[in-house]
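Dropping structure_14.pdb in here (PDB, C-alpha atoms):
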ATOM      1  CA  MET A   1       7.791  39.091-134.723
ATOM      2  CA  LYS A   2       8.488  41.977-132.415
ATOM      3  CA  ARG A   3       4.927  41.773-131.165
ATOM      4  CA  SER A   4       5.356  38.101-130.449
ATOM      5  CA  ARG A   5       8.547  38.757-128.540
ATOM      6  CA  LYS A   6       6.744  41.453-126.586
ATOM      7  CA  TRP A   7       4.019  39.040-125.450
ATOM      8  CA  VAL A   8       6.583  36.432-124.539
ATOM      9  CA  GLY A   9       8.387  39.002-122.446
ATOM     10  CA  LEU A  10       5.181  39.947-120.675
ATOM     11  CA  ALA A  11       4.403  36.303-119.989
ATOM     12  CA  VAL A  12       7.826  35.781-118.470
ATOM     13  CA  VAL A  13       7.379  38.846-116.250
ATOM     14  CA  CYS A  14       3.977  37.580-115.079
ATOM     15  CA  MET A  15       5.384  34.151-114.314
ATOM     16  CA  LEU A  16       8.233  35.655-112.324
ATOM     17  CA  THR A  17       5.810  37.885-110.403
ATOM     18  CA  THR A  18       3.612  34.902-109.591
ATOM     19  CA  VAL A  19       6.580  32.919-108.361
ATOM     20  CA  ILE A  20       7.784  35.829-106.219
ATOM     21  CA  LEU A  21       4.307  36.389-104.772
ATOM     22  CA  ALA A  22       3.933  32.684-104.084
ATOM     23  CA  GLY A  23       7.274  32.693-102.345
ATOM     24  CA  CYS A  24       6.204  35.660-100.242
ATOM     25  CA  GLY A  25       2.926  33.944 -99.424
ATOM     26  CA  ALA A  26       4.748  30.792 -98.491
ATOM     27  CA  GLY A  27       7.028  32.854 -96.324
ATOM     28  CA  ASN A  28       4.026  34.365 -94.568
ATOM     29  CA  ASP A  29       2.378  30.947 -94.181
ATOM     30  CA  THR A  30       5.578  29.583 -92.806
ATOM     31  CA  LYS A  31       5.783  32.490 -90.422
ATOM     32  CA  GLN A  32       2.195  32.043 -89.329
ATOM     33  CA  GLY A  33       2.640  28.304 -89.180
ATOM     34  CA  GLY A  34       5.830  28.845 -87.231
ATOM     35  CA  THR A  35       3.938  31.057 -84.846
ATOM     36  CA  ALA A  36       1.234  28.428 -84.397
ATOM     37  CA  THR A  37       3.848  25.740 -83.991
ATOM     38  CA  ALA A  38       5.748  27.929 -81.562
ATOM     39  CA  SER A  39       2.605  28.435 -79.524
ATOM     40  CA  ALA A  40       1.968  24.696 -79.538
ATOM     41  CA  GLN A  41       5.501  23.487 -78.924
ATOM     42  CA  PRO A  42       6.388  25.991 -76.216
ATOM     43  CA  THR A  43       3.311  24.732 -74.388
ATOM     44  CA  ALA A  44       5.579  21.955 -73.183
ATOM     45  CA  HIS A  45       8.071  24.595 -72.097
ATOM     46  CA  ALA A  46       5.311  26.618 -70.462
ATOM     47  CA  THR A  47       4.044  23.530 -68.694
ATOM     48  CA  ALA A  48       7.530  22.729 -67.527
ATOM     49  CA  ALA A  49       7.899  26.294 -66.308
ATOM     50  CA  VAL A  50       4.785  26.175 -64.096
ATOM     51  CA  ALA A  51       4.995  22.533 -63.083
ATOM     52  CA  PRO A  52       5.469  22.018 -59.318
ATOM     53  CA  LYS A  53       9.087  21.801 -58.291
ATOM     54  CA  GLU A  54      10.767  20.239 -55.320
ATOM     55  CA  ARG A  55      10.892  22.811 -52.516
ATOM     56  CA  ILE A  56      12.805  23.307 -49.302
ATOM     57  CA  LEU A  57      10.512  24.349 -46.441
ATOM     58  CA  LYS A  58      11.349  24.914 -42.788
ATOM     59  CA  ASP A  59       9.047  23.042 -40.387
ATOM     60  CA  ALA A  60       7.896  23.876 -36.866
ATOM     61  CA  MET A  61      10.996  22.251 -35.374
ATOM     62  CA  GLY A  62      13.371  24.193 -37.593
ATOM     63  CA  HIS A  63      14.203  21.347 -39.969
ATOM     64  CA  GLU A  64      14.742  22.247 -43.605
ATOM     65  CA  VAL A  65      12.628  19.638 -45.362
ATOM     66  CA  LYS A  66      12.839  18.775 -49.050
ATOM     67  CA  ILE A  67       9.185  18.549 -50.132
ATOM     68  CA  PRO A  68       8.526  16.412 -53.241
ATOM     69  CA  ALA A  69       7.131  18.268 -56.251
ATOM     70  CA  GLN A  70       3.954  16.191 -56.322
ATOM     71  CA  PRO A  71       3.745  13.850 -53.324
ATOM     72  CA  LYS A  72       1.624  10.786 -54.070
ATOM     73  CA  ASN A  73       1.780   8.788 -50.831
ATOM     74  CA  VAL A  74       1.252  11.135 -47.915
ATOM     75  CA  ILE A  75       0.964   9.971 -44.315
ATOM     76  CA  ALA A  76      -0.391  12.652 -41.981
ATOM     77  CA  PRO A  77      -2.059  11.037 -38.930
ATOM     78  CA  PHE A  78      -5.017  12.963 -37.502
ATOM     79  CA  LEU A  79      -4.782  15.463 -40.354
ATOM     80  CA  GLU A  80      -7.121  13.400 -42.525
ATOM     81  CA  ASP A  81      -9.943  15.914 -42.046
ATOM     82  CA  SER A  82      -7.812  18.740 -43.414
ATOM     83  CA  LEU A  83      -6.401  16.532 -46.173
ATOM     84  CA  THR A  84      -9.926  15.652 -47.258
ATOM     85  CA  ALA A  85     -10.957  19.309 -47.151
ATOM     86  CA  ILE A  86      -8.261  20.169 -49.711
ATOM     87  CA  GLY A  87      -8.816  17.089 -51.861
ATOM     88  CA  VAL A  88      -5.876  14.885 -50.833
ATOM     89  CA  LYS A  89      -6.327  11.187 -49.971
ATOM     90  CA  PRO A  90      -3.637   9.845 -47.603
ATOM     91  CA  ALA A  91      -1.749   6.567 -48.073
ATOM     92  CA  ALA A  92      -2.871   5.469 -44.589
ATOM     93  CA  GLN A  93      -5.156   6.932 -41.934
ATOM     94  CA  TRP A  94      -5.166   7.503 -38.183
ATOM     95  CA  SER A  95      -7.119   5.185 -35.916
ATOM     96  CA  ALA A  96      -7.809   4.676 -32.237
ATOM     97  CA  ALA A  97      -7.914   1.008 -31.150
ATOM     98  CA  GLY A  98      -8.279   0.089 -34.803
ATOM     99  CA  GLU A  99     -11.167   2.503 -35.404
ATOM    100  CA  PRO A 100     -10.592   5.238 -38.003
ATOM    101  CA  GLN A 101     -12.514   8.504 -37.971
ATOM    102  CA  GLN A 102     -15.897   7.208 -39.094
ATOM    103  CA  TYR A 103     -17.242  10.550 -40.274
ATOM    104  CA  LEU A 104     -14.579  10.589 -43.010
ATOM    105  CA  GLN A 105     -15.164   7.067 -44.287
ATOM    106  CA  ASN A 106     -17.406   8.199 -47.122
ATOM    107  CA  VAL A 107     -14.124   9.399 -48.648
ATOM    108  CA  LEU A 108     -11.479   7.289 -46.886
ATOM    109  CA  LYS A 109     -13.141   3.886 -46.891
ATOM    110  CA  GLY A 110     -10.562   1.258 -47.806
ATOM    111  CA  VAL A 111      -7.560   3.428 -46.890
ATOM    112  CA  PRO A 112      -5.255   1.353 -44.614
ATOM    113  CA  ILE A 113      -5.324   2.280 -40.932
ATOM    114  CA  LEU A 114      -2.422   3.156 -38.685
ATOM    115  CA  ASP A 115      -2.025   1.799 -35.171
ATOM    116  CA  MET A 116      -1.504   5.060 -33.306
ATOM    117  CA  THR A 117      -1.015   3.543 -29.845
ATOM    118  CA  GLY A 118       1.597   5.824 -28.323
ATOM    119  CA  GLY A 119       2.075   7.621 -31.615
ATOM    120  CA  LEU A 120       3.232   6.796 -35.122
ATOM    121  CA  LYS A 121       6.076   4.276 -35.483
ATOM    122  CA  PRO A 122       8.785   4.674 -38.163
ATOM    123  CA  GLU A 123       8.574   1.028 -39.250
ATOM    124  CA  GLN A 124       4.794   1.292 -39.590
ATOM    125  CA  ALA A 125       5.131   4.407 -41.716
ATOM    126  CA  LEU A 126       7.718   2.611 -43.876
ATOM    127  CA  SER A 127       5.271  -0.214 -44.617
ATOM    128  CA  HIS A 128       3.067   2.239 -46.551
ATOM    129  CA  ASN A 129       5.912   3.565 -48.749
ATOM    130  CA  PRO A 130       5.266   7.257 -48.119
ATOM    131  CA  ASP A 131       7.024   9.940 -50.110
ATOM    132  CA  LEU A 132       6.099  12.535 -47.469
ATOM    133  CA  ILE A 133       5.289  12.286 -43.746
ATOM    134  CA  ILE A 134       3.485  15.196 -42.095
ATOM    135  CA  LEU A 135       3.143  15.238 -38.319
ATOM    136  CA  VAL A 136       0.731  17.753 -36.830
ATOM    137  CA  SER A 137       3.084  18.259 -33.852
ATOM    138  CA  PRO A 138       6.176  16.684 -32.237
ATOM    139  CA  ASN A 139       3.798  14.682 -29.995
ATOM    140  CA  TYR A 140       3.065  12.382 -32.904
ATOM    141  CA  MET A 141       6.519  10.827 -32.978
ATOM    142  CA  LYS A 142       6.814   9.571 -29.419
ATOM    143  CA  ASN A 143       7.614   6.106 -30.748
ATOM    144  CA  GLY A 144      10.587   7.313 -32.773
ATOM    145  CA  THR A 145      12.971  10.171 -33.343
ATOM    146  CA  TYR A 146      12.752  12.738 -36.094
ATOM    147  CA  GLU A 147      15.877  11.266 -37.667
ATOM    148  CA  GLU A 148      14.263   7.821 -37.815
ATOM    149  CA  PHE A 149      11.180   9.188 -39.560
ATOM    150  CA  SER A 150      13.222  11.291 -41.969
ATOM    151  CA  LYS A 151      15.048   8.133 -43.107
ATOM    152  CA  VAL A 152      11.675   6.691 -44.147
ATOM    153  CA  ALA A 153      10.597   9.803 -46.096
ATOM    154  CA  PRO A 154      10.911  13.589 -45.910
ATOM    155  CA  THR A 155       9.228  14.456 -42.607
ATOM    156  CA  TYR A 156       7.570  17.793 -41.937
ATOM    157  CA  VAL A 157       6.355  18.784 -38.448
ATOM    158  CA  LEU A 158       3.451  21.101 -39.090
ATOM    159  CA  SER A 159       2.950  22.994 -35.850
ATOM    160  CA  ASN A 160       3.595  23.352 -32.157
ATOM    161  CA  ASP A 161      -0.099  24.056 -31.588
ATOM    162  CA  GLU A 162      -2.415  21.139 -32.364
ATOM    163  CA  ASN A 163      -5.462  23.255 -31.510
ATOM    164  CA  ASP A 164      -4.817  25.850 -34.205
ATOM    165  CA  TRP A 165      -6.775  23.943 -36.831
ATOM    166  CA  ARG A 166      -7.219  26.982 -39.072
ATOM    167  CA  GLY A 167      -3.525  27.828 -39.099
ATOM    168  CA  ASN A 168      -2.616  24.174 -39.557
ATOM    169  CA  LEU A 169      -5.017  23.796 -42.490
ATOM    170  CA  THR A 170      -3.405  26.822 -44.128
ATOM    171  CA  LYS A 171       0.097  25.422 -43.533
ATOM    172  CA  LEU A 172      -0.930  22.027 -44.862
ATOM    173  CA  GLY A 173      -2.168  23.684 -48.037
ATOM    174  CA  GLU A 174       1.174  25.446 -48.439
ATOM    175  CA  VAL A 175       3.173  22.252 -47.937
ATOM    176  CA  LEU A 176       1.096  20.255 -50.431
ATOM    177  CA  GLY A 177       0.724  23.009 -53.019
ATOM    178  CA  LYS A 178      -2.985  23.346 -52.216
ATOM    179  CA  THR A 179      -3.065  26.946 -50.985
ATOM    180  CA  SER A 180      -6.130  27.871 -53.010
ATOM    181  CA  GLU A 181      -8.036  24.790 -51.844
ATOM    182  CA  ALA A 182      -7.232  25.593 -48.201
ATOM    183  CA  GLU A 183      -8.410  29.171 -48.634
ATOM    184  CA  GLN A 184     -11.655  27.988 -50.211
ATOM    185  CA  ALA A 185     -12.275  25.462 -47.418
ATOM    186  CA  LEU A 186     -11.874  28.175 -44.777
ATOM    187  CA  LYS A 187     -14.017  30.633 -46.710
ATOM    188  CA  LYS A 188     -16.788  28.064 -47.059
ATOM    189  CA  TYR A 189     -16.600  27.219 -43.359
ATOM    190  CA  ASP A 190     -16.678  30.873 -42.274
ATOM    191  CA  GLN A 191     -19.737  31.489 -44.411
ATOM    192  CA  GLN A 192     -21.510  28.474 -42.932
ATOM    193  CA  ILE A 193     -20.789  29.356 -39.319
ATOM    194  CA  SER A 194     -21.884  32.960 -39.861
ATOM    195  CA  GLU A 195     -25.190  31.906 -41.396
ATOM    196  CA  SER A 196     -25.762  29.136 -38.832
ATOM    197  CA  LYS A 197     -25.016  31.380 -35.858
ATOM    198  CA  ASP A 198     -27.700  33.797 -37.033
ATOM    199  CA  LYS A 199     -30.220  30.954 -37.491
ATOM    200  CA  ILE A 200     -29.539  29.521 -34.026
ATOM    201  CA  ARG A 201     -29.739  32.920 -32.353
ATOM    202  CA  ALA A 202     -33.010  33.667 -34.147
ATOM    203  CA  ALA A 203     -34.464  30.287 -33.117
ATOM    204  CA  VAL A 204     -33.484  30.094 -29.434
ATOM    205  CA  GLY A 205     -32.012  33.440 -28.429
ATOM    206  CA  ASP A 206     -29.079  33.889 -26.066
ATOM    207  CA  LYS A 207     -28.750  30.461 -24.420
ATOM    208  CA  SER A 208     -26.163  28.376 -22.552
ATOM    209  CA  ALA A 209     -24.905  24.927 -23.467
ATOM    210  CA  VAL A 210     -22.383  22.274 -22.443
ATOM    211  CA  LEU A 211     -20.656  19.374 -24.135
ATOM    212  CA  PHE A 212     -20.929  16.593 -21.550
ATOM    213  CA  GLN A 213     -18.808  13.441 -21.396
ATOM    214  CA  SER A 214     -19.798  10.824 -18.841
ATOM    215  CA  ALA A 215     -16.907   9.234 -16.941
ATOM    216  CA  ASN A 216     -18.852   6.505 -15.140
ATOM    217  CA  GLU A 217     -18.214   6.410 -11.405
ATOM    218  CA  LYS A 218     -15.553   9.097 -11.745
ATOM    219  CA  GLY A 219     -18.168  11.689 -12.600
ATOM    220  CA  PHE A 220     -18.198  13.618 -15.851
ATOM    221  CA  LYS A 221     -16.113  15.925 -18.002
ATOM    222  CA  LEU A 222     -17.043  19.210 -19.646
ATOM    223  CA  PHE A 223     -15.396  20.686 -22.727
ATOM    224  CA  GLY A 224     -14.089  24.193 -22.128
ATOM    225  CA  ALA A 225     -13.944  27.164 -24.471
ATOM    226  CA  ASN A 226     -10.571  26.136 -25.889
ATOM    227  CA  PHE A 227     -11.053  22.386 -26.150
ATOM    228  CA  TYR A 228     -12.197  20.760 -29.386
ATOM    229  CA  SER A 229     -15.933  21.321 -29.988
ATOM    230  CA  GLY A 230     -16.184  23.380 -26.816
ATOM    231  CA  LYS A 231     -14.355  26.087 -28.737
ATOM    232  CA  LEU A 232     -16.922  25.922 -31.516
ATOM    233  CA  LEU A 233     -19.868  26.016 -29.087
ATOM    234  CA  TYR A 234     -18.643  29.060 -27.154
ATOM    235  CA  GLN A 235     -16.343  31.022 -29.453
ATOM    236  CA  GLY A 236     -17.922  30.032 -32.760
ATOM    237  CA  ILE A 237     -21.670  29.662 -32.277
ATOM    238  CA  GLY A 238     -21.748  31.892 -29.217
ATOM    239  CA  PHE A 239     -23.448  29.832 -26.489
ATOM    240  CA  LYS A 240     -23.018  31.108 -22.939
ATOM    241  CA  GLN A 241     -20.865  29.056 -20.567
ATOM    242  CA  PRO A 242     -22.358  27.639 -17.340
ATOM    243  CA  LYS A 243     -21.038  28.809 -14.005
ATOM    244  CA  LEU A 244     -19.647  25.338 -13.215
ATOM    245  CA  LEU A 245     -17.341  25.226 -16.225
ATOM    246  CA  LYS A 246     -13.679  25.601 -15.316
ATOM    247  CA  GLY A 247     -10.631  24.893 -17.455
ATOM    248  CA  ASP A 248     -10.650  23.141 -20.809
ATOM    249  CA  TYR A 249     -11.277  19.472 -20.008
ATOM    250  CA  GLU A 250     -11.850  19.027 -16.293
ATOM    251  CA  THR A 251     -13.446  16.135 -14.412
ATOM    252  CA  TYR A 252     -16.348  16.935 -12.062
ATOM    253  CA  SER A 253     -17.898  14.748  -9.391
ATOM    254  CA  LEU A 254     -21.482  13.547  -9.774
ATOM    255  CA  GLU A 255     -22.417  15.648  -6.735
ATOM    256  CA  THR A 256     -21.824  18.785  -8.805
ATOM    257  CA  LEU A 257     -24.477  17.832 -11.375
ATOM    258  CA  ALA A 258     -26.935  20.122  -9.590
ATOM    259  CA  GLN A 259     -24.756  23.091 -10.544
ATOM    260  CA  LEU A 260     -25.674  22.600 -14.201
ATOM    261  CA  ASP A 261     -29.031  24.183 -13.361
ATOM    262  CA  ASP A 262     -28.173  27.221 -15.511
ATOM    263  CA  VAL A 263     -27.636  25.136 -18.664
ATOM    264  CA  ASP A 264     -30.250  25.342 -21.413
ATOM    265  CA  TYR A 265     -28.877  22.613 -23.710
ATOM    266  CA  ILE A 266     -26.762  19.552 -22.952
ATOM    267  CA  PHE A 267     -24.931  17.782 -25.769
ATOM    268  CA  VAL A 268     -23.790  14.330 -24.613
ATOM    269  CA  LEU A 269     -20.876  12.569 -26.287
ATOM    270  CA  SER A 270     -21.921   9.145 -27.525
ATOM    271  CA  GLY A 271     -20.352   6.422 -29.610
ATOM    272  CA  LYS A 272     -18.557   3.114 -29.391
ATOM    273  CA  GLY A 273     -16.983   2.653 -25.965
ATOM    274  CA  ARG A 274     -18.479   5.853 -24.544
ATOM    275  CA  ALA A 275     -20.095   5.745 -21.101
ATOM    276  CA  LYS A 276     -23.784   6.630 -20.883
ATOM    277  CA  PRO A 277     -24.976   9.749 -19.053
ATOM    278  CA  PRO A 278     -26.165   9.267 -15.440
ATOM    279  CA  VAL A 279     -29.866   9.203 -16.375
ATOM    280  CA  ASP A 280     -30.856   7.373 -13.163
ATOM    281  CA  ASN A 281     -29.236   9.932 -10.914
ATOM    282  CA  PRO A 282     -31.833  12.183  -9.225
ATOM    283  CA  LEU A 283     -29.551  15.181  -9.620
ATOM    284  CA  TRP A 284     -29.483  14.602 -13.373
ATOM    285  CA  GLN A 285     -33.242  14.145 -13.527
ATOM    286  CA  GLN A 286     -33.812  17.483 -11.796
ATOM    287  CA  LEU A 287     -31.796  19.518 -14.271
ATOM    288  CA  PRO A 288     -33.932  22.033 -16.214
ATOM    289  CA  ALA A 289     -32.409  20.961 -19.533
ATOM    290  CA  VAL A 290     -33.279  17.326 -18.800
ATOM    291  CA  LYS A 291     -36.843  18.156 -17.762
ATOM    292  CA  GLN A 292     -37.371  20.181 -20.935
ATOM    293  CA  GLY A 293     -36.000  17.455 -23.180
ATOM    294  CA  HIS A 294     -33.023  19.560 -24.190
ATOM    295  CA  VAL A 295     -30.477  16.721 -24.034
ATOM    296  CA  TYR A 296     -28.974  15.540 -27.330
ATOM    297  CA  GLU A 297     -26.634  12.622 -27.926
ATOM    298  CA  VAL A 298     -23.919  13.527 -30.409
ATOM    299  CA  ASP A 299     -21.280  11.457 -32.192
ATOM    300  CA  SER A 300     -17.925  11.710 -30.495
ATOM    301  CA  GLY A 301     -16.237  11.020 -33.835
ATOM    302  CA  HIS A 302     -16.675  14.572 -35.031
ATOM    303  CA  TRP A 303     -17.537  16.322 -31.771
ATOM    304  CA  PHE A 304     -14.278  15.214 -30.135
ATOM    305  CA  ASN A 305     -12.503  17.007 -32.935
ATOM    306  CA  GLN A 306     -11.716  20.422 -34.328
ATOM    307  CA  ASN A 307     -11.326  20.689 -38.096
ATOM    308  CA  ALA A 308     -13.161  22.034 -41.118
ATOM    309  CA  ILE A 309     -15.286  18.979 -41.930
ATOM    310  CA  ALA A 310     -15.830  17.925 -38.303
ATOM    311  CA  ASN A 311     -16.905  21.443 -37.348
ATOM    312  CA  LYS A 312     -19.366  21.541 -40.226
ATOM    313  CA  LEU A 313     -20.965  18.330 -38.961
ATOM    314  CA  VAL A 314     -21.135  19.732 -35.421
ATOM    315  CA  ILE A 315     -22.923  22.820 -36.715
ATOM    316  CA  ASP A 316     -25.312  20.595 -38.669
ATOM    317  CA  ASP A 317     -26.103  18.661 -35.464
ATOM    318  CA  VAL A 318     -26.843  21.857 -33.531
ATOM    319  CA  LEU A 319     -29.052  23.179 -36.317
ATOM    320  CA  LYS A 320     -30.948  19.891 -36.461
ATOM    321  CA  ALA A 321     -31.488  19.918 -32.687
ATOM    322  CA  LEU A 322     -32.447  23.541 -32.168
ATOM    323  CA  VAL A 323     -33.703  25.068 -35.410
ATOM    324  CA  LYS A 324     -37.095  23.610 -36.249
TER
END
Show me, as structure tokens, the structure contained in the file I just sent.
Amino acid sequence: MKRSRKWVGLAVVCMLTTVILAGCGAGNDTKQGGTATASAQPTAHATAAVAPKERILKDAMGHEVKIPAQPKNVIAPFLEDSLTAIGVKPAAQWSAAGEPQQYLQNVLKGVPILDMTGGLKPEQALSHNPDLIILVSPNYMKNGTYEEFSKVAPTYVLSNDENDWRGNLTKLGEVLGKTSEAEQALKKYDQQISESKDKIRAAVGDKSAVLFQSANEKGFKLFGANFYSGKLLYQGIGFKQPKLLKGDYETYSLETLAQLDDVDYIFVLSGKGRAKPPVDNPLWQQLPAVKQGHVYEVDSGHWFNQNAIANKLVIDDVLKALVK
């Protein structure tokens, strides 16, 4: 009888131990499960913590602008190149006489166009329901005041220097929360221009070039070292400037054509509505570049421009023309 009681006692002890151990195990499982759950549930908190927030940024005119956390309908006329470079599609796009920038239409086809005659108009911007308006400079609101635009949507004036495309691309990335994308676009461009410059120099040596725009009976214009693709030709690729070149975008009489005798390559702006070069003029026909067949028609859409994608296309054109 005592022996029986002893075994019963042992059984009870074992059962209690099992229960206690099970409880401890359950506690550990709960703790581990709690940890897993905590890592899953706080994901929402973590996401909320890093999610973009509405920001107050000061623009080039000194306005403190409330930038939406994640703008969906951005209007930024003539910044479409930079927007595309950082992966942002605008709600509407710039145009001249109803023609958008054709070289971007592989991405922007179907995006409504803006009538930019005289600049953007507040009522036109309103028709596209923007949640953010970005103007590259104050010149883009000649048809309205800043206050009128800001009533349509938060309006940010990017710069006082339209020609600083690199700085403006960087600023645009900051405003839209695309800093990394802007940095990558510039890095990619810098690599391309470095490699292309070496290829061009190896192929043709130290040569001169001009970007020529015919102006019919008025004569012609030349792009200077600080004007759109002229800057890329001279400061980027490194072509020498001809002795005739003065200023950034001057008009020259046809009688001065003979002074382009020190030019090795002539790039002629072409495209819809562009005047043809004076090919019947004897002075043109006597130019060394013309005699050697070193005249190349180029699309004014991206050559009359200065941005990451446009510049890449300009470099591609030069490589195609000169590097065989």
- Task: Enter the distance from CA of Asn168 (chain A) to CA of Ala225 (chain A), in Å, rounded to one decimal.
- Result: 19.1 Å
- Near Ile237 (chain A), within 12 Å and counting only C-alpha atoms, which residues show up once chain neighbours fewer than 3 positions away are dropped, as JSON, numbers by chain? {"A": [190, 192, 193, 194, 195, 196, 197, 198, 199, 200, 201, 205, 206, 207, 208, 209, 225, 229, 230, 231, 232, 233, 234, 240, 241, 311, 312, 314, 315, 316, 318, 319]}
- Identify, on the basis of all atoms listed in the file, every residue whose closest approach to Gln184 (chain A) does not exceed 9 Å; exclude the query and any residue fewer than 5 positions from it along the same chain; express the result as a list in words. Ile86, Thr179 and Tyr189 of chain A
- Proximity to Thr251 (chain A) - best of A:Asp264, A:Glu80, A:Glu217, A:Glu123, all atoms listed in the file: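 With all atoms listed in the file as the atom set, the closest residue is A:Glu217.
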- Item | Counting all atoms listed in the file, the option among A:Lys66, A:Asn143, A:Leu169, A:Lys58 closest to Glu181 (chain A) |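 So, comparing all the options, the nearest one is A:Leu169.
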